[in-house]
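Colleague: I am attaching a structure below and will ask some questions about it afterwards.
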Amino acid sequence: MARLRSQMVYRTSFVLNVIGTFFTGLIEFVEIYVLLATAPIFGGLTLPEASLVFALSSVSFGLADMVFGQMDSLPSFIKQGQLESFLTKPLRLVPQMITSTVQLRRLARVLLGVITFAIAVPHAGIAWSPVMVGVVVGALVFGTTIFSALFVLAGGCQFWLINGTEFTNAFVYGGKYVSQLPGPVLLTPIRVFFTFVVPATVTTYLPVLILLDKPGPALLPQVLGWGAPLFAVWAWVLALVVWRAGVRKYTGAGG
Amino acid sequence: MTIIETEDLRREFIVRAKAGRFTRTKKVVAAVDGISCSIAEGESVGYIGANGAGKSTTIKMLTGILVPTSGRVTTCGLPPVERRKDLARQIGVVFGQRTQLWWDLPLRESFTILGAIHRIGARAAADRIDQLVAELELAEFLDTPVRQLSLGQRMRGEVAAALAHRPRLLILDEPTIGLDMISKERLRQFLVAERAERGTTLLLTTHDMGDIERLCERVLVVDQGQLVHDGALGELRRTVALDRTMVVDYAEPQPPHEIPGTERVGYEIDGLRQSYRFHPTQTTAAKVVTEASRFGEVRDLTLQEPAIEDIVRTLYGARGSA
């Protein structure tokens, strides 16, 4: 709790950060809005439907970023010697890193997602049933899990890359961007990469297909959406393997 | 009982250098090159050497941060890397150039968090913290965020943080670096008292001979990754002249003066500046100053401690000729 309180020390800065995060998200939404204002269908989805994709993405990514967002700033932990300090504590590294700064301001993005969702749902025409509620909850749970794994993966990669954030941003923030878009607008190779390697479409587009009962494009059928738990497991396996190997490299155990 | 044991400990780093336009050469550099030593529980050991001699690398291997390339290391009876978390409960580590405190939080809360991390009961943690706060005189800035503390205050906080879980072994990597004389002295006094009371084993790296003389019974000297000296402090004193030099600046030019118990090693600018070397057992800095001020008005004084680099050079020379 004390660590959360430390963010309130600079109150003005915190408030400005929250507002900034909220508006960054809002501008990303405007992009989708502008597209759909001129063309009524975007990747097979109408404006309310595409908004659902955006909303799920915002909530999941926001939650993951809040807790695991520090993982990809590993180089600064190394430079400041924090990593060594963590290694002299009787805890695992990942919990120490994520609790060193939980970024409350990311909640602004979650809030934006919730608002978008609330506005879009009545216009999307979803046939609500307990299963559909489950799909939404599942999408958020597994979406957050998958994005969290991406942050850990990004952190793991940093052990090899010097100033490698540009590379890892490509799949972390690229994944976030992809997850805000309907699947069909992506080029096929990108669609495959962000589904089967970095499962970003699984977090948002596929659950929305289930909610709307739409078939989905080539290589991205609706049925894949039910596989979200598997994709989440896969993402974490990939992330932890890379992370462990990275720590081993740092300590000189291998490599 | 042995608390630290290393056997032929070695750690290599691969250094890549640009050789031509497209080619790069790999070079293996041994930062620690076959160190064997054994430290018993309750000892206080100074680990000294020039920059880049391999001190920090050794400490990282002892604490489980780095895996040795070859050789064996046991700390508190455990293999450090494999049992890192168990080991962390028994040792306290301070890296003088880094902080393990939470930058934006008051010291008090850093201690609370550390208590939780080490799973000490709230009561036991509070008792220990109260004791450390009293002994290290932390009370007046306990509620100040760490980023606003002076270096001396922060370093006392770091030491308290490292000792909060009552470790058996305290490892300090350059704890007095950048501190002024008063802060250094306070810290040393505390460490002496702490050891007298709890018998904590102390391993300390430093560039300050004052730390060694006040705190260490035994000294290990490392040069280019190898141990060049391992013995009691007295033995080091006999091997190497741990002399200090007092540089006296006079207000007026002076003829060369002799001061009892010292050797004049410098005479510059017509005697405006004269330097005297002395051994702490022969005379004291205060006596030298008193004597010097008899000859004329003293404008400025500097006391030079023996440099670690000089000691290492002397030892290395002795080893080379042996």
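As shown in the structure tokens, the chain order sets the letters A, B, ...; within each chain, residues go from 1, and ligands are also counted from 1 in the order they appear.
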Compute the set of chain B residues within 10 Å of chain A, using only C-alpha atoms, and express it as a VMD selection string.

Modeller: chain B and resid 11 to 13 60 to 61 63 to 69 81 83 to 95 97 to 106 109 to 110 112 to 114 117 to 119 145 162

Colleague: Kindly save the residues from that selection, with C-alpha atoms included, as a CSV table (one decimal), in the first residue's frame.

Modeller:
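Result file selection-v2.csv:
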```csv
chain,number,residue,atom,x,y,z
B,11,ARG,CA,34.6,-15.2,-13.0
B,12,GLU,CA,35.2,-14.3,-16.6
B,13,PHE,CA,33.6,-11.7,-18.8
B,60,LYS,CA,28.2,-10.3,-6.4
B,61,MET,CA,29.2,-14.0,-6.4
B,63,THR,CA,25.5,-12.8,-2.6
B,64,GLY,CA,24.1,-14.8,-5.4
B,65,ILE,CA,23.8,-12.1,-8.0
B,66,LEU,CA,26.4,-13.6,-10.3
B,67,VAL,CA,27.2,-17.2,-11.1
B,68,PRO,CA,30.9,-18.1,-10.9
B,69,THR,CA,32.5,-19.2,-14.1
B,81,VAL,CA,22.8,-18.6,-6.6
B,83,ARG,CA,19.6,-20.7,-2.6
B,84,ARG,CA,19.5,-17.0,-3.3
B,85,LYS,CA,16.3,-16.4,-1.4
B,86,ASP,CA,17.3,-18.4,1.7
B,87,LEU,CA,20.6,-16.7,1.7
B,88,ALA,CA,19.0,-13.2,1.4
B,89,ARG,CA,17.3,-13.8,4.8
B,90,GLN,CA,20.7,-14.3,6.5
B,91,ILE,CA,22.7,-11.5,5.0
B,92,GLY,CA,22.5,-7.7,4.7
B,93,VAL,CA,24.0,-6.0,1.7
B,94,VAL,CA,24.7,-2.3,1.2
B,95,PHE,CA,26.0,-1.0,-2.2
B,97,GLN,CA,26.6,3.8,-4.8
B,98,ARG,CA,23.1,2.5,-5.0
B,99,THR,CA,20.0,2.6,-2.9
B,100,GLN,CA,17.7,-0.1,-1.7
B,101,LEU,CA,15.3,2.3,-0.2
B,102,TRP,CA,12.2,3.5,-1.8
B,103,TRP,CA,13.0,6.9,-3.3
B,104,ASP,CA,9.6,8.6,-2.8
B,105,LEU,CA,8.8,7.1,0.5
B,106,PRO,CA,9.8,8.2,4.0
B,109,GLU,CA,7.9,3.1,5.3
B,110,SER,CA,10.9,1.5,3.6
B,112,THR,CA,8.0,-1.4,7.1
B,113,ILE,CA,8.2,-2.9,3.6
B,114,LEU,CA,11.5,-4.5,4.3
B,117,ILE,CA,9.7,-8.7,2.6
B,118,HIS,CA,11.8,-10.6,5.2
B,119,ARG,CA,8.6,-11.8,6.9
B,145,PRO,CA,11.1,11.1,1.8
B,162,ALA,CA,20.4,-3.9,5.7
```

Colleague: Per residue of segment 147-191 of chain A within 7 Å of segment 203-207 of chain A, which atom pair is closest and at what distance in Å (one decimal), using only C-alpha atoms, listed by chain and increasing number, as a tab-separated table?

Modeller:
```
residue	atom	partner	partner_atom	distance
A:Ser179	CA	A:Thr204	CA	5.9
A:Pro182	CA	A:Tyr205	CA	5.8
A:Gly183	CA	A:Tyr205	CA	6.3
```

Colleague: Where does DSSP see strand (DSSP E or B) in segment 26-180 of chain B, if you list the residues as a VMD selection string?

Modeller: chain B and resid 26 to 40 44 to 48 70 to 75 78 91 to 95 106 145 169 to 173

Colleague: Could those selected residues go to a file with N, CA, C and O atoms, as a short mmCIF file (atom, residue, chain, number, x, y, z; two decimals), in the first residue's frame?

Modeller:
```cif
data_model
loop_
_atom_site.label_atom_id
_atom_site.label_comp_id
_atom_site.auth_asym_id
_atom_site.auth_seq_id
_atom_site.Cartn_x
_atom_site.Cartn_y
_atom_site.Cartn_z
N LYS B 26 36.74 -11.15 -29.76
CA LYS B 26 36.25 -11.47 -28.43
C LYS B 26 37.46 -11.68 -27.55
O LYS B 26 38.43 -12.32 -27.95
N LYS B 27 37.39 -11.13 -26.37
CA LYS B 27 38.48 -11.35 -25.45
C LYS B 27 37.88 -11.78 -24.13
O LYS B 27 36.92 -11.19 -23.66
N VAL B 28 38.45 -12.82 -23.54
CA VAL B 28 37.96 -13.26 -22.25
C VAL B 28 38.81 -12.60 -21.17
O VAL B 28 40.03 -12.71 -21.16
N VAL B 29 38.13 -11.87 -20.30
CA VAL B 29 38.84 -11.20 -19.21
C VAL B 29 38.39 -11.81 -17.90
O VAL B 29 37.20 -11.92 -17.64
N ALA B 30 39.35 -12.23 -17.09
CA ALA B 30 38.98 -12.79 -15.79
C ALA B 30 38.96 -11.67 -14.76
O ALA B 30 39.98 -11.13 -14.39
N ALA B 31 37.75 -11.31 -14.32
CA ALA B 31 37.62 -10.25 -13.31
C ALA B 31 38.03 -10.79 -11.95
O ALA B 31 38.61 -10.09 -11.13
N VAL B 32 37.70 -12.05 -11.72
CA VAL B 32 38.14 -12.73 -10.50
C VAL B 32 38.85 -13.99 -10.97
O VAL B 32 38.30 -14.76 -11.73
N ASP B 33 40.08 -14.14 -10.52
CA ASP B 33 40.95 -15.14 -11.15
C ASP B 33 41.51 -16.09 -10.10
O ASP B 33 42.66 -16.00 -9.70
N GLY B 34 40.64 -16.97 -9.61
CA GLY B 34 41.12 -18.00 -8.69
C GLY B 34 41.32 -17.51 -7.27
O GLY B 34 42.43 -17.52 -6.76
N ILE B 35 40.25 -17.07 -6.64
CA ILE B 35 40.36 -16.61 -5.25
C ILE B 35 39.90 -17.71 -4.31
O ILE B 35 38.81 -18.25 -4.45
N SER B 36 40.76 -18.06 -3.37
CA SER B 36 40.39 -19.01 -2.34
C SER B 36 40.55 -18.34 -1.00
O SER B 36 41.63 -17.81 -0.70
N CYS B 37 39.50 -18.32 -0.22
CA CYS B 37 39.63 -17.78 1.12
C CYS B 37 38.53 -18.33 2.00
O CYS B 37 37.57 -18.93 1.51
N SER B 38 38.69 -18.15 3.27
CA SER B 38 37.71 -18.66 4.21
C SER B 38 37.57 -17.64 5.33
O SER B 38 38.56 -17.16 5.87
N ILE B 39 36.33 -17.28 5.61
CA ILE B 39 36.08 -16.28 6.64
C ILE B 39 35.21 -16.91 7.71
O ILE B 39 34.19 -17.53 7.41
N ALA B 40 35.65 -16.78 8.95
CA ALA B 40 34.92 -17.40 10.06
C ALA B 40 33.83 -16.47 10.56
O ALA B 40 33.93 -15.26 10.42
N SER B 44 35.80 -9.61 11.14
CA SER B 44 35.53 -8.41 10.37
C SER B 44 36.67 -8.24 9.37
O SER B 44 37.83 -8.14 9.74
N VAL B 45 36.29 -8.29 8.12
CA VAL B 45 37.28 -8.40 7.06
C VAL B 45 37.17 -7.23 6.10
O VAL B 45 36.08 -6.90 5.64
N GLY B 46 38.29 -6.61 5.83
CA GLY B 46 38.33 -5.56 4.81
C GLY B 46 38.80 -6.18 3.51
O GLY B 46 39.75 -6.95 3.49
N TYR B 47 38.09 -5.86 2.45
CA TYR B 47 38.43 -6.42 1.15
C TYR B 47 38.82 -5.24 0.29
O TYR B 47 37.97 -4.44 -0.10
N ILE B 48 40.10 -5.08 0.04
CA ILE B 48 40.53 -3.87 -0.65
C ILE B 48 41.27 -4.16 -1.94
O ILE B 48 41.79 -5.26 -2.15
N SER B 70 33.89 -20.61 -12.71
CA SER B 70 34.32 -21.89 -12.17
C SER B 70 34.71 -21.69 -10.72
O SER B 70 34.75 -20.56 -10.23
N GLY B 71 34.98 -22.77 -10.03
CA GLY B 71 35.31 -22.67 -8.62
C GLY B 71 34.08 -22.84 -7.76
O GLY B 71 32.97 -23.02 -8.27
N ARG B 72 34.28 -22.77 -6.47
CA ARG B 72 33.19 -23.05 -5.54
C ARG B 72 33.03 -21.89 -4.58
O ARG B 72 34.01 -21.26 -4.18
N VAL B 73 31.80 -21.58 -4.22
CA VAL B 73 31.57 -20.54 -3.23
C VAL B 73 30.42 -20.95 -2.33
O VAL B 73 29.42 -21.50 -2.79
N THR B 74 30.61 -20.77 -1.03
CA THR B 74 29.55 -21.06 -0.07
C THR B 74 29.44 -19.86 0.87
O THR B 74 30.43 -19.40 1.40
N THR B 75 28.22 -19.35 1.01
CA THR B 75 28.00 -18.25 1.94
C THR B 75 26.94 -18.70 2.93
O THR B 75 25.88 -19.20 2.52
N LEU B 78 25.45 -21.97 2.28
CA LEU B 78 24.56 -22.20 1.14
C LEU B 78 25.27 -21.87 -0.17
O LEU B 78 26.11 -20.98 -0.21
N ILE B 91 21.69 -12.49 5.18
CA ILE B 91 22.73 -11.49 4.95
C ILE B 91 22.10 -10.11 4.72
O ILE B 91 20.95 -9.99 4.32
N GLY B 92 22.87 -9.11 5.01
CA GLY B 92 22.48 -7.74 4.71
C GLY B 92 23.52 -7.16 3.78
O GLY B 92 24.71 -7.37 3.99
N VAL B 93 23.08 -6.50 2.72
CA VAL B 93 24.02 -5.98 1.74
C VAL B 93 23.76 -4.49 1.52
O VAL B 93 22.62 -4.07 1.37
N VAL B 94 24.82 -3.70 1.51
CA VAL B 94 24.69 -2.29 1.16
C VAL B 94 25.67 -1.99 0.02
O VAL B 94 26.86 -2.23 0.14
N PHE B 95 25.12 -1.54 -1.10
CA PHE B 95 25.98 -1.05 -2.17
C PHE B 95 26.03 0.47 -2.02
O PHE B 95 25.01 1.14 -2.18
N PRO B 106 9.04 7.89 2.84
CA PRO B 106 9.84 8.16 4.03
C PRO B 106 10.57 6.89 4.46
O PRO B 106 10.09 5.78 4.20
N PRO B 145 10.90 11.95 2.91
CA PRO B 145 11.11 11.05 1.77
C PRO B 145 12.61 10.88 1.50
O PRO B 145 13.39 11.82 1.65
N LEU B 169 25.52 -11.93 8.52
CA LEU B 169 26.65 -11.42 7.75
C LEU B 169 26.24 -10.09 7.12
O LEU B 169 25.19 -9.99 6.49
N LEU B 170 27.06 -9.08 7.32
CA LEU B 170 26.79 -7.78 6.73
C LEU B 170 27.87 -7.49 5.69
O LEU B 170 29.07 -7.53 6.01
N ILE B 171 27.44 -7.24 4.47
CA ILE B 171 28.39 -6.95 3.40
C ILE B 171 28.21 -5.50 2.98
O ILE B 171 27.12 -5.09 2.59
N LEU B 172 29.27 -4.72 3.09
CA LEU B 172 29.18 -3.30 2.74
C LEU B 172 30.14 -3.02 1.59
O LEU B 172 31.33 -3.25 1.71
N ASP B 173 29.59 -2.55 0.49
CA ASP B 173 30.43 -2.23 -0.66
C ASP B 173 30.62 -0.72 -0.70
O ASP B 173 29.70 0.01 -1.04
#
```

Colleague: What are the nearest atom pairs, with distances in Å to one decimal, for all residues of segment 143-248 of chain A that come at most 12 Å from segment 51-62 of chain A, using only C-alpha atoms, set out by chain and rising residue number as a tab-separated table?

Modeller:
```
residue	atom	partner	partner_atom	distance
A:Gly143	CA	A:Ser60	CA	5.2
A:Thr144	CA	A:Ser60	CA	4.4
A:Thr145	CA	A:Ser60	CA	8.1
A:Ile146	CA	A:Ser60	CA	8.7
A:Phe147	CA	A:Phe61	CA	6.0
A:Ser148	CA	A:Phe61	CA	8.0
A:Ala149	CA	A:Phe61	CA	11.0
A:Leu150	CA	A:Phe61	CA	10.2
A:Phe151	CA	A:Phe61	CA	10.2
A:Val172	CA	A:Phe61	CA	9.7
A:Tyr173	CA	A:Phe61	CA	9.5
A:Gly174	CA	A:Phe61	CA	11.8
A:Gly175	CA	A:Phe61	CA	9.6
A:Lys176	CA	A:Phe61	CA	6.9
A:Tyr177	CA	A:Ser57	CA	8.6
A:Val178	CA	A:Ser57	CA	9.2
A:Ser179	CA	A:Ser57	CA	5.9
A:Gln180	CA	A:Phe54	CA	4.5
A:Leu181	CA	A:Val53	CA	6.8
A:Pro182	CA	A:Val53	CA	7.0
A:Gly183	CA	A:Val53	CA	9.8
A:Ala200	CA	A:Ser57	CA	9.1
A:Thr201	CA	A:Ser57	CA	9.4
A:Val202	CA	A:Ser57	CA	10.2
A:Thr203	CA	A:Ser57	CA	7.0
A:Thr204	CA	A:Val53	CA	5.3
A:Tyr205	CA	A:Val53	CA	5.7
A:Leu206	CA	A:Val53	CA	8.9
A:Pro207	CA	A:Val53	CA	8.5
A:Val208	CA	A:Val53	CA	6.4
A:Leu209	CA	A:Val53	CA	9.4
A:Ile210	CA	A:Val53	CA	11.7
A:Leu211	CA	A:Leu52	CA	9.8
A:Leu212	CA	A:Leu52	CA	10.3
```

Colleague: If you run DSSP on this backbone, which residues of segment 155-203 of chain A come out as helix (DSSP H, G or I), and could you give them as an MDAnalysis selection string?

Modeller: chainID A and resid 155:158 165:180 183:185 188:197 201:203

Colleague: Write out as number ranges by chain the residues lying within 9 Å of Asp208 of chain B, counting only C-alpha atoms and excluding same-chain residues fewer than 6 positions away.

Modeller: B: 174, 176-177, 305-308

Colleague: Within 10 Å of Ile212 of chain B, counting only C-alpha atoms, which residues qualify if same-chain residues fewer than 2 places away don't, as a list in words?

Modeller: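 So, after excluding close chain neighbours, the residues are Ser44, Val45, Gly46, Tyr47, Ile48, Arg188, Leu204, Thr205, Thr206, His207, Asp208, Met209, Gly210, Arg214, Leu215, Cys216, Glu217, Arg218, Val219 and Leu233 of chain B.
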
Colleague: I want to know what sits within 9 Å of Arg128 of chain B, based on only C-alpha atoms, with residues of the same chain fewer than 5 positions away left out; could you give that as number ranges by chain?

Modeller: B: 123, 133, 163-166

Colleague: With distances taken over only C-alpha atoms, which residue among A:Ala108, A:Met97, A:Gln70, A:Phe196 lies nearest Leu16 of chain A?

Modeller: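 Among the listed residues, the smallest separation from Leu16 of chain A belongs to A:Ala108.
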
Colleague: What's around Thr24 of chain A at 12 Å? Count only C-alpha atoms, leave out sequence neighbours fewer than 4 positions away in its own chain, and write the answer as a ChimeraX atom specification.

Modeller: /A:17-20,28-31,58,106,108-109,112

Colleague: Mind writing the picked residues with N, CA, C and O atoms as a PDB file, in the first residue's frame?

Modeller:
```pdb
ATOM      1  N   ASN A  17      -0.975  13.332 -15.127  1.00  0.00           N
ATOM      2  CA  ASN A  17      -0.723  12.048 -15.770  1.00  0.00           C
ATOM      3  C   ASN A  17      -2.003  11.306 -16.078  1.00  0.00           C
ATOM      4  O   ASN A  17      -2.159  10.711 -17.144  1.00  0.00           O
ATOM      5  N   VAL A  18      -2.925  11.336 -15.118  1.00  0.00           N
ATOM      6  CA  VAL A  18      -4.205  10.653 -15.315  1.00  0.00           C
ATOM      7  C   VAL A  18      -4.938  11.274 -16.501  1.00  0.00           C
ATOM      8  O   VAL A  18      -5.405  10.577 -17.405  1.00  0.00           O
ATOM      9  N   ILE A  19      -4.986  12.620 -16.496  1.00  0.00           N
ATOM     10  CA  ILE A  19      -5.683  13.301 -17.587  1.00  0.00           C
ATOM     11  C   ILE A  19      -5.005  12.977 -18.918  1.00  0.00           C
ATOM     12  O   ILE A  19      -5.665  12.659 -19.908  1.00  0.00           O
ATOM     13  N   GLY A  20      -3.683  13.007 -18.929  1.00  0.00           N
ATOM     14  CA  GLY A  20      -2.924  12.723 -20.149  1.00  0.00           C
ATOM     15  C   GLY A  20      -3.215  11.334 -20.679  1.00  0.00           C
ATOM     16  O   GLY A  20      -3.497  11.149 -21.866  1.00  0.00           O
ATOM     17  N   GLU A  28      -6.923   7.860 -29.572  1.00  0.00           N
ATOM     18  CA  GLU A  28      -6.884   6.591 -30.308  1.00  0.00           C
ATOM     19  C   GLU A  28      -8.295   6.165 -30.727  1.00  0.00           C
ATOM     20  O   GLU A  28      -8.493   5.588 -31.797  1.00  0.00           O
ATOM     21  N   PHE A  29      -9.259   6.463 -29.872  1.00  0.00           N
ATOM     22  CA  PHE A  29     -10.631   6.112 -30.210  1.00  0.00           C
ATOM     23  C   PHE A  29     -11.159   6.984 -31.346  1.00  0.00           C
ATOM     24  O   PHE A  29     -11.855   6.498 -32.246  1.00  0.00           O
ATOM     25  N   VAL A  30     -10.784   8.267 -31.305  1.00  0.00           N
ATOM     26  CA  VAL A  30     -11.225   9.199 -32.346  1.00  0.00           C
ATOM     27  C   VAL A  30     -10.796   8.692 -33.724  1.00  0.00           C
ATOM     28  O   VAL A  30     -11.536   8.791 -34.708  1.00  0.00           O
ATOM     29  N   GLU A  31      -9.606   8.084 -33.777  1.00  0.00           N
ATOM     30  CA  GLU A  31      -9.096   7.530 -35.032  1.00  0.00           C
ATOM     31  C   GLU A  31     -10.092   6.522 -35.623  1.00  0.00           C
ATOM     32  O   GLU A  31     -10.426   6.560 -36.803  1.00  0.00           O
ATOM     33  N   SER A  58      -8.903  -1.514 -24.246  1.00  0.00           N
ATOM     34  CA  SER A  58      -8.503  -0.482 -23.286  1.00  0.00           C
ATOM     35  C   SER A  58      -8.494  -1.006 -21.859  1.00  0.00           C
ATOM     36  O   SER A  58      -7.569  -0.753 -21.096  1.00  0.00           O
ATOM     37  N   ARG A 106      -2.668   4.456 -14.852  1.00  0.00           N
ATOM     38  CA  ARG A 106      -3.163   3.658 -15.973  1.00  0.00           C
ATOM     39  C   ARG A 106      -4.648   3.356 -15.840  1.00  0.00           C
ATOM     40  O   ARG A 106      -5.278   2.923 -16.780  1.00  0.00           O
ATOM     41  N   ALA A 108      -6.827   5.323 -15.759  1.00  0.00           N
ATOM     42  CA  ALA A 108      -7.534   6.251 -16.640  1.00  0.00           C
ATOM     43  C   ALA A 108      -7.937   5.548 -17.931  1.00  0.00           C
ATOM     44  O   ALA A 108      -9.038   5.737 -18.446  1.00  0.00           O
ATOM     45  N   ARG A 109      -7.023   4.713 -18.443  1.00  0.00           N
ATOM     46  CA  ARG A 109      -7.333   3.985 -19.669  1.00  0.00           C
ATOM     47  C   ARG A 109      -8.443   2.963 -19.438  1.00  0.00           C
ATOM     48  O   ARG A 109      -9.317   2.773 -20.280  1.00  0.00           O
ATOM     49  N   LEU A 112     -11.655   4.781 -19.444  1.00  0.00           N
ATOM     50  CA  LEU A 112     -12.070   5.102 -20.814  1.00  0.00           C
ATOM     51  C   LEU A 112     -12.725   3.890 -21.463  1.00  0.00           C
ATOM     52  O   LEU A 112     -13.771   3.995 -22.114  1.00  0.00           O
TER      53      LEU A 112
END
```
